[in-house]
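Enquirer: Structure file data-v1.pdb, PDB, C-alpha atoms and all ligand atoms, is pasted below:
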ATOM      1  CA  MET A   1       0.000   0.000   0.000
ATOM      2  CA  ASN A   2       1.216   3.437  -0.904
ATOM      3  CA  PHE A   3       0.281   5.880   1.862
ATOM      4  CA  GLN A   4       0.813   8.830  -0.446
ATOM      5  CA  ASP A   5      -2.147   7.665  -2.526
ATOM      6  CA  LYS A   6      -5.217   9.786  -1.954
ATOM      7  CA  SER A   7      -8.841   8.904  -1.425
ATOM      8  CA  ALA A   8     -12.210  10.333  -0.415
ATOM      9  CA  PHE A   9     -15.590   8.861   0.506
ATOM     10  CA  ILE A  10     -18.227  10.879  -1.311
ATOM     11  CA  SER A  11     -21.948  10.646  -0.680
ATOM     12  CA  ILE A  12     -24.144  11.444  -3.690
ATOM     13  CA  VAL A  13     -27.387  13.050  -2.558
ATOM     14  CA  GLY A  14     -30.334  14.866  -4.101
ATOM     15  CA  ARG A  15     -34.059  14.729  -4.759
ATOM     16  CA  PRO A  16     -35.579  11.654  -6.427
ATOM     17  CA  ASN A  17     -35.039  11.683 -10.200
ATOM     18  CA  ALA A  18     -32.250  14.324 -10.128
ATOM     19  CA  GLY A  19     -29.962  11.915 -11.988
ATOM     20  CA  LYS A  20     -27.675  10.715  -9.165
ATOM     21  CA  SER A  21     -27.432   7.130 -10.391
ATOM     22  CA  SER A  22     -27.007   8.254 -14.013
ATOM     23  CA  LEU A  23     -24.151  10.513 -12.930
ATOM     24  CA  LEU A  24     -22.466   7.747 -10.918
ATOM     25  CA  ASN A  25     -22.674   5.362 -13.884
ATOM     26  CA  ARG A  26     -21.267   8.054 -16.165
ATOM     27  CA  MET A  27     -18.319   8.793 -13.834
ATOM     28  CA  LEU A  28     -17.506   5.079 -13.526
ATOM     29  CA  GLY A  29     -18.050   4.373 -17.235
ATOM     30  CA  GLN A  30     -20.081   1.290 -16.206
ATOM     31  CA  LYS A  31     -23.705   0.854 -15.284
ATOM     32  CA  ILE A  32     -23.840  -0.343 -11.687
ATOM     33  CA  ALA A  33     -26.930   1.579 -10.533
ATOM     34  CA  ILE A  34     -30.284   1.270 -12.252
ATOM     35  CA  VAL A  35     -31.941   4.326 -13.762
ATOM     36  CA  SER A  36     -35.552   5.127 -14.604
ATOM     37  CA  ASP A  37     -37.757   8.148 -15.129
ATOM     38  CA  LYS A  38     -39.758   7.210 -12.007
ATOM     39  CA  PRO A  39     -38.762   8.890  -8.739
ATOM     40  CA  GLN A  40     -37.442   6.576  -5.989
ATOM     41  CA  THR A  41     -35.687   4.192  -8.325
ATOM     42  CA  THR A  42     -32.692   3.638  -6.030
ATOM     43  CA  ARG A  43     -33.649   1.929  -2.760
ATOM     44  CA  THR A  44     -30.413   1.299  -0.929
ATOM     45  CA  ARG A  45     -26.919   2.714  -0.752
ATOM     46  CA  ILE A  46     -24.766   1.575  -3.643
ATOM     47  CA  MET A  47     -21.007   1.919  -3.568
ATOM     48  CA  GLY A  48     -19.081   2.730  -6.731
ATOM     49  CA  VAL A  49     -15.293   3.111  -6.855
ATOM     50  CA  LEU A  50     -13.338   5.231  -9.330
ATOM     51  CA  THR A  51      -9.549   4.879  -9.251
ATOM     52  CA  GLU A  52      -7.474   7.135 -11.493
ATOM     53  CA  GLY A  53      -3.745   7.157 -10.781
ATOM     54  CA  GLU A  54      -3.113   8.271  -7.227
ATOM     55  CA  HIS A  55      -6.760   9.250  -6.658
ATOM     56  CA  GLN A  56      -9.502   6.947  -5.469
ATOM     57  CA  LEU A  57     -13.064   8.265  -5.192
ATOM     58  CA  VAL A  58     -15.411   5.997  -3.250
ATOM     59  CA  PHE A  59     -18.983   7.050  -4.027
ATOM     60  CA  THR A  60     -22.217   6.074  -2.356
ATOM     61  CA  ASP A  61     -25.291   6.543  -4.472
ATOM     62  CA  THR A  62     -28.314   7.057  -2.234
ATOM     63  CA  PRO A  63     -32.098   6.933  -2.625
ATOM     64  CA  GLY A  64     -33.609  10.315  -3.492
ATOM     65  CA  MET A  65     -34.487  12.400  -0.445
ATOM     66  CA  HIS A  66     -38.291  12.554  -0.011
ATOM     67  CA  LYS A  67     -41.071  12.582   2.566
ATOM     68  CA  PRO A  68     -41.469   8.896   3.474
ATOM     69  CA  LYS A  69     -44.929   7.294   3.495
ATOM     70  CA  THR A  70     -44.007   3.658   4.161
ATOM     71  CA  SER A  71     -41.437   1.666   6.168
ATOM     72  CA  LEU A  72     -39.519   1.266   2.928
ATOM     73  CA  GLY A  73     -39.565   5.068   2.515
ATOM     74  CA  ASN A  74     -38.293   5.530   6.083
ATOM     75  CA  TYR A  75     -35.551   3.070   5.370
ATOM     76  CA  MET A  76     -34.562   4.957   2.216
ATOM     77  CA  VAL A  77     -34.449   8.361   3.885
ATOM     78  CA  ARG A  78     -32.482   6.960   6.805
ATOM     79  CA  SER A  79     -29.960   5.513   4.430
ATOM     80  CA  VAL A  80     -29.404   8.989   2.897
ATOM     81  CA  LYS A  81     -28.725  10.468   6.340
ATOM     82  CA  GLU A  82     -26.481   7.580   7.290
ATOM     83  CA  SER A  83     -24.515   7.952   4.055
ATOM     84  CA  VAL A  84     -23.900  11.679   4.626
ATOM     85  CA  SER A  85     -22.730  11.111   8.174
ATOM     86  CA  SER A  86     -20.089   8.593   7.158
ATOM     87  CA  ALA A  87     -18.725  10.578   4.194
ATOM     88  CA  ASP A  88     -15.691  12.844   3.795
ATOM     89  CA  ALA A  89     -17.586  14.982   1.309
ATOM     90  CA  CYS A  90     -20.942  15.332  -0.391
ATOM     91  CA  LEU A  91     -21.930  15.632  -3.997
ATOM     92  CA  LEU A  92     -25.322  17.340  -4.180
ATOM     93  CA  VAL A  93     -27.060  16.703  -7.486
ATOM     94  CA  VAL A  94     -29.778  19.115  -8.606
ATOM     95  CA  GLU A  95     -31.635  19.634 -11.854
ATOM     96  CA  ALA A  96     -30.961  22.625 -14.100
ATOM     97  CA  GLY A  97     -34.073  24.745 -14.512
ATOM     98  CA  ARG A  98     -35.453  23.809 -11.115
ATOM     99  CA  GLU A  99     -35.419  26.126  -8.129
ATOM    100  CA  PRO A 100     -34.267  24.730  -4.779
ATOM    101  CA  ASP A 101     -37.072  23.846  -2.369
ATOM    102  CA  GLU A 102     -37.408  22.125   1.007
ATOM    103  CA  THR A 103     -35.659  18.971  -0.240
ATOM    104  CA  GLU A 104     -32.486  20.810  -1.196
ATOM    105  CA  ASN A 105     -32.779  22.960   1.953
ATOM    106  CA  ALA A 106     -32.944  19.853   4.136
ATOM    107  CA  LEU A 107     -29.948  18.288   2.426
ATOM    108  CA  ILE A 108     -27.867  21.461   2.652
ATOM    109  CA  LYS A 109     -28.793  21.739   6.325
ATOM    110  CA  ARG A 110     -27.596  18.189   6.881
ATOM    111  CA  ILE A 111     -24.324  18.906   5.057
ATOM    112  CA  SER A 112     -23.712  22.046   7.170
ATOM    113  CA  GLU A 113     -24.443  20.133  10.375
ATOM    114  CA  MET A 114     -21.941  17.453   9.401
ATOM    115  CA  ASP A 115     -19.444  20.186   8.560
ATOM    116  CA  ILE A 116     -18.112  18.445   5.470
ATOM    117  CA  PRO A 117     -17.159  19.971   2.112
ATOM    118  CA  ALA A 118     -19.678  19.711  -0.708
ATOM    119  CA  VAL A 119     -19.657  20.071  -4.458
ATOM    120  CA  LEU A 120     -22.812  20.970  -6.370
ATOM    121  CA  ALA A 121     -23.560  19.272  -9.687
ATOM    122  CA  ILE A 122     -26.222  21.021 -11.747
ATOM    123  CA  ASN A 123     -27.385  18.130 -13.918
ATOM    124  CA  LYS A 124     -29.491  17.914 -17.099
ATOM    125  CA  THR A 125     -27.985  21.023 -18.703
ATOM    126  CA  ASP A 126     -28.829  19.384 -22.059
ATOM    127  CA  LEU A 127     -32.466  20.309 -21.366
ATOM    128  CA  LEU A 128     -31.721  24.002 -20.766
ATOM    129  CA  LYS A 129     -32.957  26.424 -23.375
ATOM    130  CA  GLN A 130     -31.480  29.613 -21.926
ATOM    131  CA  LYS A 131     -28.051  30.111 -20.407
ATOM    132  CA  GLU A 132     -29.367  32.816 -18.037
ATOM    133  CA  GLU A 133     -31.321  30.202 -16.128
ATOM    134  CA  LEU A 134     -28.068  28.472 -15.277
ATOM    135  CA  MET A 135     -26.432  31.681 -14.039
ATOM    136  CA  HIS A 136     -29.458  32.355 -11.875
ATOM    137  CA  LEU A 137     -29.291  28.885 -10.323
ATOM    138  CA  ILE A 138     -25.547  29.144  -9.676
ATOM    139  CA  LEU A 139     -26.094  32.445  -7.868
ATOM    140  CA  THR A 140     -29.001  31.056  -5.844
ATOM    141  CA  TYR A 141     -27.062  28.015  -4.685
ATOM    142  CA  SER A 142     -23.882  29.928  -3.919
ATOM    143  CA  SER A 143     -25.866  32.175  -1.591
ATOM    144  CA  MET A 144     -27.190  29.088   0.247
ATOM    145  CA  PHE A 145     -23.920  27.291   0.970
ATOM    146  CA  ASP A 146     -20.209  27.713   0.440
ATOM    147  CA  PHE A 147     -19.754  24.909  -2.114
ATOM    148  CA  GLU A 148     -16.187  23.893  -2.976
ATOM    149  CA  ALA A 149     -17.250  24.012  -6.612
ATOM    150  CA  ILE A 150     -20.409  24.308  -8.707
ATOM    151  CA  VAL A 151     -20.293  22.259 -11.904
ATOM    152  CA  PRO A 152     -23.005  22.361 -14.589
ATOM    153  CA  LEU A 153     -23.118  19.056 -16.458
ATOM    154  CA  SER A 154     -25.176  16.466 -18.238
ATOM    155  CA  ALA A 155     -25.023  12.865 -17.066
ATOM    156  CA  ARG A 156     -26.816  11.985 -20.284
ATOM    157  CA  THR A 157     -24.290  13.461 -22.752
ATOM    158  CA  GLY A 158     -21.254  13.402 -20.435
ATOM    159  CA  ASP A 159     -20.636  17.148 -20.855
ATOM    160  CA  GLY A 160     -18.982  18.606 -17.762
ATOM    161  CA  VAL A 161     -18.496  15.227 -16.078
ATOM    162  CA  PRO A 162     -14.661  15.155 -16.393
ATOM    163  CA  ALA A 163     -14.576  18.657 -14.854
ATOM    164  CA  LEU A 164     -16.621  17.360 -11.931
ATOM    165  CA  VAL A 165     -14.258  14.418 -11.379
ATOM    166  CA  GLU A 166     -11.319  16.850 -11.307
ATOM    167  CA  GLU A 167     -13.076  18.935  -8.645
ATOM    168  CA  LEU A 168     -13.811  15.840  -6.563
ATOM    169  CA  LYS A 169     -10.186  14.719  -6.732
ATOM    170  CA  LYS A 170      -9.273  17.938  -4.897
ATOM    171  CA  LEU A 171     -11.250  16.635  -1.901
ATOM    172  CA  THR A 172      -9.111  13.503  -1.451
ATOM    173  CA  SER A 173      -6.532  13.139   1.268
ATOM    174  CA  GLU A 174      -3.421  11.020   1.687
ATOM    175  CA  GLY A 175      -3.450   7.726   3.539
ATOM    176  CA  GLY A 176      -3.623   5.156   0.775
ATOM    177  CA  HIS A 177      -6.425   3.561  -1.217
ATOM    178  CA  PHE A 178      -9.158   1.495   0.426
ATOM    179  CA  PHE A 179      -9.889  -0.777  -2.533
ATOM    180  CA  GLU A 180      -7.984  -2.550  -5.279
ATOM    181  CA  GLU A 181      -7.617  -0.524  -8.449
ATOM    182  CA  ASP A 182     -10.103  -2.709 -10.357
ATOM    183  CA  THR A 183     -12.869  -2.621  -7.699
ATOM    184  CA  LEU A 184     -16.073  -1.227  -9.183
ATOM    185  CA  THR A 185     -18.859  -1.762  -6.639
ATOM    186  CA  ASP A 186     -19.878  -3.542  -3.450
ATOM    187  CA  GLN A 187     -23.037  -4.879  -5.093
ATOM    188  CA  SER A 188     -22.930  -8.644  -5.384
ATOM    189  CA  GLU A 189     -23.604 -10.190  -8.776
ATOM    190  CA  ARG A 190     -26.946 -11.439  -7.453
ATOM    191  CA  VAL A 191     -27.989  -7.955  -6.384
ATOM    192  CA  LEU A 192     -26.863  -6.461  -9.704
ATOM    193  CA  ALA A 193     -28.921  -9.072 -11.548
ATOM    194  CA  SER A 194     -32.017  -8.490  -9.420
ATOM    195  CA  GLU A 195     -31.705  -4.724  -9.881
ATOM    196  CA  MET A 196     -31.586  -5.174 -13.657
ATOM    197  CA  ILE A 197     -34.974  -6.903 -13.432
ATOM    198  CA  ARG A 198     -36.368  -4.184 -11.169
ATOM    199  CA  GLU A 199     -35.235  -1.545 -13.654
ATOM    200  CA  LYS A 200     -37.226  -3.210 -16.429
ATOM    201  CA  LEU A 201     -40.305  -3.392 -14.181
ATOM    202  CA  LEU A 202     -39.953   0.340 -13.478
ATOM    203  CA  ARG A 203     -39.591   1.086 -17.167
ATOM    204  CA  ASN A 204     -42.470  -1.070 -18.388
ATOM    205  CA  LEU A 205     -45.155  -0.749 -15.727
ATOM    206  CA  ASP A 206     -47.146   2.080 -14.226
ATOM    207  CA  LYS A 207     -45.989   3.813 -11.123
ATOM    208  CA  GLU A 208     -47.488   2.053  -8.123
ATOM    209  CA  ILE A 209     -46.914  -1.480  -9.365
ATOM    210  CA  PRO A 210     -43.121  -1.414  -9.773
ATOM    211  CA  HIS A 211     -42.760   0.602  -6.571
ATOM    212  CA  GLY A 212     -44.424  -2.285  -4.792
ATOM    213  CA  THR A 213     -42.093  -4.946  -6.167
ATOM    214  CA  ALA A 214     -38.945  -6.523  -4.803
ATOM    215  CA  VAL A 215     -36.763  -8.922  -6.760
ATOM    216  CA  ILE A 216     -34.694 -11.747  -5.326
ATOM    217  CA  VAL A 217     -32.226 -13.826  -7.311
ATOM    218  CA  GLU A 218     -32.326 -17.298  -5.790
ATOM    219  CA  LYS A 219     -29.876 -19.024  -8.039
ATOM    220  CA  MET A 220     -26.943 -17.940 -10.127
ATOM    221  CA  LYS A 221     -24.750 -20.648 -11.507
ATOM    222  CA  GLN A 222     -22.389 -20.900 -14.440
ATOM    223  CA  ARG A 223     -22.515 -24.081 -16.488
ATOM    224  CA  GLU A 224     -19.372 -25.661 -17.915
ATOM    225  CA  ASN A 225     -20.257 -24.349 -21.363
ATOM    226  CA  SER A 226     -20.261 -20.857 -19.750
ATOM    227  CA  ILE A 227     -24.043 -20.326 -19.900
ATOM    228  CA  LEU A 228     -25.144 -18.521 -16.736
ATOM    229  CA  ASP A 229     -28.380 -19.840 -15.191
ATOM    230  CA  ILE A 230     -30.259 -17.252 -13.153
ATOM    231  CA  ASP A 231     -33.513 -17.905 -11.258
ATOM    232  CA  ALA A 232     -35.344 -14.878  -9.896
ATOM    233  CA  THR A 233     -38.607 -14.189  -8.085
ATOM    234  CA  ILE A 234     -40.496 -10.934  -8.367
ATOM    235  CA  TYR A 235     -42.514 -10.200  -5.221
ATOM    236  CA  CYS A 236     -45.505  -7.898  -5.537
ATOM    237  CA  GLU A 237     -48.148  -6.637  -3.152
ATOM    238  CA  ARG A 238     -51.405  -7.876  -4.660
ATOM    239  CA  GLU A 239     -52.895 -10.684  -6.691
ATOM    240  CA  SER A 240     -54.132  -8.069  -9.212
ATOM    241  CA  HIS A 241     -50.569  -6.711  -9.561
ATOM    242  CA  LYS A 242     -49.329 -10.218 -10.187
ATOM    243  CA  GLY A 243     -51.715 -10.499 -13.127
ATOM    244  CA  ILE A 244     -50.477  -7.199 -14.569
ATOM    245  CA  ILE A 245     -46.804  -8.115 -14.145
ATOM    246  CA  ILE A 246     -47.349 -11.418 -15.919
ATOM    247  CA  GLY A 247     -49.576  -9.807 -18.537
ATOM    248  CA  LYS A 248     -51.846 -11.352 -21.153
ATOM    249  CA  GLY A 249     -50.469 -14.742 -22.098
ATOM    250  CA  GLY A 250     -47.297 -13.950 -20.092
ATOM    251  CA  LYS A 251     -46.417 -11.118 -22.475
ATOM    252  CA  MET A 252     -45.297  -8.504 -19.937
ATOM    253  CA  LEU A 253     -43.152 -10.903 -17.924
ATOM    254  CA  LYS A 254     -41.541 -12.046 -21.124
ATOM    255  CA  LYS A 255     -40.769  -8.471 -22.187
ATOM    256  CA  VAL A 256     -39.288  -7.603 -18.772
ATOM    257  CA  SER A 257     -37.257 -10.827 -18.625
ATOM    258  CA  THR A 258     -35.921 -10.484 -22.155
ATOM    259  CA  SER A 259     -34.629  -6.954 -21.691
ATOM    260  CA  ALA A 260     -33.197  -7.812 -18.244
ATOM    261  CA  ARG A 261     -31.465 -10.839 -19.753
ATOM    262  CA  GLU A 262     -29.933  -8.660 -22.483
ATOM    263  CA  ASP A 263     -28.495  -6.318 -19.823
ATOM    264  CA  MET A 264     -27.176  -9.289 -17.860
ATOM    265  CA  GLU A 265     -25.486 -10.760 -20.929
ATOM    266  CA  ARG A 266     -23.805  -7.425 -21.597
ATOM    267  CA  PHE A 267     -22.673  -6.998 -17.991
ATOM    268  CA  PHE A 268     -21.555 -10.559 -17.271
ATOM    269  CA  ASP A 269     -20.281 -11.032 -20.832
ATOM    270  CA  CYS A 270     -21.764 -14.484 -21.373
ATOM    271  CA  LYS A 271     -25.024 -16.149 -22.423
ATOM    272  CA  VAL A 272     -27.707 -16.028 -19.727
ATOM    273  CA  ASN A 273     -30.655 -18.352 -19.172
ATOM    274  CA  LEU A 274     -33.051 -16.327 -17.019
ATOM    275  CA  GLN A 275     -36.136 -17.844 -15.346
ATOM    276  CA  THR A 276     -38.526 -15.548 -13.500
ATOM    277  CA  TRP A 277     -41.492 -16.188 -11.208
ATOM    278  CA  VAL A 278     -44.011 -13.788  -9.682
ATOM    279  CA  LYS A 279     -45.285 -14.175  -6.103
ATOM    280  CA  VAL A 280     -47.513 -12.095  -3.822
ATOM    281  CA  ARG A 281     -46.341 -10.823  -0.408
ATOM    282  CA  GLU A 282     -49.080  -8.531   0.758
ATOM    283  CA  ASP A 283     -48.121  -5.078   1.952
ATOM    284  CA  TRP A 284     -44.436  -5.986   2.300
ATOM    285  CA  ARG A 285     -43.355  -2.329   2.137
ATOM    286  CA  ASN A 286     -44.929  -1.787   5.567
ATOM    287  CA  ARG A 287     -43.725  -4.981   7.188
ATOM    288  CA  GLU A 288     -40.176  -4.803   8.393
ATOM    289  CA  GLY A 289     -39.941  -8.546   8.959
ATOM    290  CA  ILE A 290     -40.703  -9.231   5.308
ATOM    291  CA  MET A 291     -38.387  -6.449   4.201
ATOM    292  CA  ARG A 292     -35.545  -8.110   6.104
ATOM    293  CA  SER A 293     -36.319 -11.401   4.446
ATOM    294  CA  LEU A 294     -36.211  -9.575   1.104
ATOM    295  CA  GLY A 295     -32.672  -8.437   1.840
ATOM    296  CA  PHE A 296     -33.051  -4.924   3.276
ATOM    297  CA  SER A 297     -30.353  -4.676   5.914
ATOM    298  CA  GLU A 298     -31.018  -4.695   9.641
ATOM    299  CA  LYS A 299     -29.121  -1.572  10.682
ATOM    300  CA  ASP A 300     -31.169   0.805   8.558
ATOM    301  CA  PHE A 301     -34.375   0.093  10.489
ATOM    302  CA  GLN A 302     -33.002   1.533  13.727
TER     303      GLN A 302
HETATM  304  N1  LIG B   1     -32.117  14.909 -20.186
HETATM  305  C1  LIG B   1     -31.426  14.360 -19.209
HETATM  306  N2  LIG B   1     -31.979  13.387 -18.468
HETATM  307  C2  LIG B   1     -31.238  12.834 -17.473
HETATM  308  C3  LIG B   1     -29.913  13.254 -17.189
HETATM  309  N3  LIG B   1     -29.467  12.533 -16.143
HETATM  310  C4  LIG B   1     -30.456  11.694 -15.803
HETATM  311  N4  LIG B   1     -31.525  11.863 -16.609
HETATM  312  C5  LIG B   1     -32.810  11.131 -16.563
HETATM  313  O1  LIG B   1     -33.436  11.425 -15.332
HETATM  314  C6  LIG B   1     -34.178  10.284 -14.863
HETATM  315  C7  LIG B   1     -33.736   9.930 -13.451
HETATM  316  O2  LIG B   1     -32.400   9.469 -13.471
HETATM  317  P1  LIG B   1     -31.802   8.601 -12.266
HETATM  318  O3  LIG B   1     -30.330   8.520 -12.493
HETATM  319  O4  LIG B   1     -32.569   7.339 -12.072
HETATM  320  O5  LIG B   1     -32.100   9.608 -11.058
HETATM  321  P2  LIG B   1     -31.833   9.393  -9.485
HETATM  322  O6  LIG B   1     -31.498  10.734  -8.936
HETATM  323  O7  LIG B   1     -30.839   8.313  -9.273
HETATM  324  O8  LIG B   1     -33.277   8.957  -8.998
HETATM  325  P3  LIG B   1     -33.700   8.122  -7.668
HETATM  326  O9  LIG B   1     -32.879   6.873  -7.634
HETATM  327  O10 LIG B   1     -35.145   7.850  -7.895
HETATM  328  O11 LIG B   1     -33.464   9.031  -6.516
HETATM  329  C8  LIG B   1     -33.917   9.159 -15.873
HETATM  330  O12 LIG B   1     -34.993   9.122 -16.778
HETATM  331  C9  LIG B   1     -32.630   9.612 -16.553
HETATM  332  O13 LIG B   1     -32.498   9.098 -17.863
HETATM  333  C10 LIG B   1     -29.353  14.299 -18.006
HETATM  334  O14 LIG B   1     -28.219  14.759 -17.848
HETATM  335  N5  LIG B   1     -30.165  14.811 -18.968
HETATM  336 MG    MG B   2     -30.987   6.534  -8.276
END
Can you present the structure in this file as C-alpha cells?
Expert:
Amino acid sequence: MNFQDKSAFISIVGRPNAGKSSLLNRMLGQKIAIVSDKPQTTRTRIMGVLTEGEHQLVFTDTPGMHKPKTSLGNYMVRSVKESVSSADACLLVVEAGREPDETENALIKRISEMDIPAVLAINKTDLLKQKEELMHLILTYSSMFDFEAIVPLSARTGDGVPALVEELKKLTSEGGHFFEEDTLTDQSERVLASEMIREKLLRNLDKEIPHGTAVIVEKMKQRENSILDIDATIYCERESHKGIIIGKGGKMLKKVSTSAREDMERFFDCKVNLQTWVKVREDWRNREGIMRSLGFSEKDFQ
C-alpha cells in the first residue's frame, strides 16, 4: 500500500429523479446503478469506486431524499442520512431549470451540520434552453452554501463530467487507497442481476406497481459451457398486480425478462438463461420482517 495515494468517501445526494445514479454510472463508465424516469428508483446505498492514478473516489449513491410514506420510505431516507454522516464529502445533485425547495434545503442543512465539504452538480444542462437560467441557479445556490465548486453538467451526454471528477479529486486526502484498483462496486452479482430486473419493471409498468415490487435472485450458476443460469422471483403486493406483471399470455413478464437478460449478458459477458417467477407478499413495504427477508439490511431500520 502506498500511503501517499489519496482517497475520499463521497456521498451522492439529491431529490428523487435528479440523476444521481445516471451521474455515478457516467463517472464510472459502467452501469452499476439502475436508472428510470420514475422517482425513488434507487432503494439502498450503492457503492461505486473510481480509481485514477493516485486518486480513489469511493462514491455512495443514495435513494432520493423525499417525505417517506411507508417503512420502505423511512428506510430509504435513513440511508441517505447515514450515508452523509459517514462521508468525507458530499456531492449534491440538482436539476438545471429547477429552483431549490425544502428537499435541497434539508440536504444542505444536513451537510452544514456534518461540517463536510460539498460540491454541487447542476445536472441535465442538455435540457436548458437559456443560459441565463443556469447563471441564476448558480447564484441562488452559492448564496445558500459555500460549495467547494459548482459544476453544470449532463449525465446523459457526459458534458462537464470530467470537470466534476477533477473537482472531486481535490477533496481527497493522503493515507492510501481502500480498494484494489479494479474494484467497481460492493453490489454482489446477485444484487446487480435483481436490480436489472427491477429496472425493467420500473420502465415497463405504471408507477405504483413497480414501486411495490422486490426482486430476489435465488440461483446464479455458471454451467461448464459458460451459460449462466439465473432464477429470480419478483414479489408484488397484490394478486391483481401479479396479473399485470405477468400480462396477457405472459407477455409482460416475457418483455421484462428479455430486456433484463440482455443487460445481464452485456454486464456478465456471457449467455444467460433467465427464469422468472411472480409471487404475492401482501403489503411488504410496511412490514419490516418481510423487508428483512427480502434483503433490506437490519441496521437501517433503527
Ligand atoms: N435529459 C437528461 N436526463 C437525465 C440526465 N441525467 C439523468 N436523466 C434522466 O433522469 C431520470 C432519473 O435518473 P436517475 O439517475 O434514475 O435519477 P436518481 O437521482 O438516481 O433517482 P432516484 O434513484 O429515484 O433518486 C432518468 O430518466 C434519466 O435518464 C441528463 O443529464 N439529462
Ligand atoms: Mg438513483
Enquirer: Work out how far atom CA of A:Ile34 is from atom CA of A:Asn204, in Å to one decimal.
Expert: 13.8 Å
Enquirer: So the first atom is atom CA of A:Glu237 and the second is atom CA of A:Glu282; what is the distance between them in Å, to one decimal place?
Expert: 4.4 Å
Enquirer: Please check which protein, DNA or RNA residues sit within 7 Å of ligand MG 2 (chain B), counting all atoms listed in the file, and write them as a list in words.
Expert: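 Final answer, ordered by chain and number: Asn17, Gly19, Lys20, Ser21, Ala33, Ile34, Val35, Gln40, Thr41, Thr42, Asp61, Thr62, Pro63 and Gly64 of chain A.
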Enquirer: Please, what is the axis-aligned box for every listed atom of ligand LIG 1 (chain B) with 6 Å on each side, as centre and edge lengths in Å to one decimal, as JSON?
Expert:
{"center_x": -31.7, "center_y": 10.9, "center_z": -13.4, "size_x": 18.9, "size_y": 20.0, "size_z": 25.7}
Enquirer: Measuring atom to atom with only C-alpha atoms, identify which of A:Arg261, A:Arg43, A:Arg190, A:Arg238 is nearest to A:Asn74.
Expert: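 The answer is A:Arg43, which sits nearest to A:Asn74.
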Enquirer: Hey, what's within 9 Å of A:Ala89 if we count only C-alpha atoms and toss same-chain stuff fewer than 5 positions away? As a PyMOL selection string, please?
Expert: chain A and resi 8-12+84+111+116-119+168+171
Enquirer: Extract, using all atoms listed in the file, all DNA, RNA and protein residues at most 8 Å from A:Ser83, discarding same-chain residues fewer than 3 positions from it, and format them as a PyMOL selection string.
Expert: chain A and resi 11+45+60+62+79-80+86-87
Enquirer: Can you work out which one of A:Met1, A:Leu92, A:Ile245, A:Leu253 has the shortest atom-to-atom distance to ligand LIG 1 (chain B), counting only C-alpha atoms and all ligand atoms?
Expert: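 So, comparing all the options, the nearest one is A:Leu92.
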Enquirer: Could you give me, as a list in words, the residues within 6 Å of stretch 120-137 of chain A, counting only C-alpha atoms and dropping anything in the same chain fewer than 4 positions from it?
Expert: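 Contacts, in chain order: Leu91, Leu92, Val93, Val94, Glu95, Ala96, Ile150, Val151, Pro152, Leu153 and Ser154 of chain A.
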Enquirer: How many Å separate atom CA of A:Ser22 from atom CA of A:Glu166?
Expert: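 Atom-to-atom, atom CA of A:Ser22 to atom CA of A:Glu166, that is 18.1 Å.
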Enquirer: Counting only C-alpha atoms and all ligand atoms, which of A:Leu28, A:Ala149, A:Met76, A:Ile108 gets nearest to ligand LIG 1 (chain B)?
Expert: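 Nearest to ligand LIG 1 (chain B): A:Met76.
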Enquirer: Using only C-alpha atoms and all ligand atoms for the distances, tell me which of A:Met27, A:Val191, A:Leu184, A:Cys270 is nearest to ligand LIG 1 (chain B).
Expert: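 Selected residue with least distance to ligand LIG 1 (chain B): A:Met27.
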Enquirer: Could you please fill out stretch 288-296 of chain A with N, CA, C and O atoms and send it back as a compact mmCIF listing (two decimals), in the frame of the given file?
Expert:
# COMPACT_ATOMS: atom_id res chain seq x y z
N GLU A 288 -41.63 -4.77 8.32
CA GLU A 288 -40.18 -4.80 8.39
C GLU A 288 -39.62 -6.22 8.36
O GLU A 288 -38.56 -6.47 7.82
N GLY A 289 -40.39 -7.15 8.96
CA GLY A 289 -39.94 -8.55 8.96
C GLY A 289 -39.77 -9.06 7.53
O GLY A 289 -38.75 -9.65 7.19
N ILE A 290 -40.78 -8.77 6.70
CA ILE A 290 -40.70 -9.23 5.31
C ILE A 290 -39.58 -8.50 4.58
O ILE A 290 -38.83 -9.09 3.81
N MET A 291 -39.45 -7.20 4.88
CA MET A 291 -38.39 -6.45 4.20
C MET A 291 -37.02 -7.05 4.51
O MET A 291 -36.17 -7.17 3.64
N ARG A 292 -36.82 -7.47 5.76
CA ARG A 292 -35.54 -8.11 6.10
C ARG A 292 -35.36 -9.38 5.29
O ARG A 292 -34.30 -9.63 4.75
N SER A 293 -36.45 -10.15 5.18
CA SER A 293 -36.32 -11.40 4.45
C SER A 293 -36.10 -11.14 2.95
O SER A 293 -35.62 -11.99 2.22
N LEU A 294 -36.44 -9.93 2.51
CA LEU A 294 -36.21 -9.57 1.10
C LEU A 294 -34.84 -8.91 0.91
O LEU A 294 -34.53 -8.41 -0.16
N GLY A 295 -34.06 -8.87 1.99
CA GLY A 295 -32.67 -8.44 1.84
C GLY A 295 -32.37 -7.01 2.24
O GLY A 295 -31.26 -6.54 2.07
N PHE A 296 -33.36 -6.27 2.80
CA PHE A 296 -33.05 -4.92 3.28
C PHE A 296 -32.35 -5.06 4.62
O PHE A 296 -32.79 -5.79 5.49
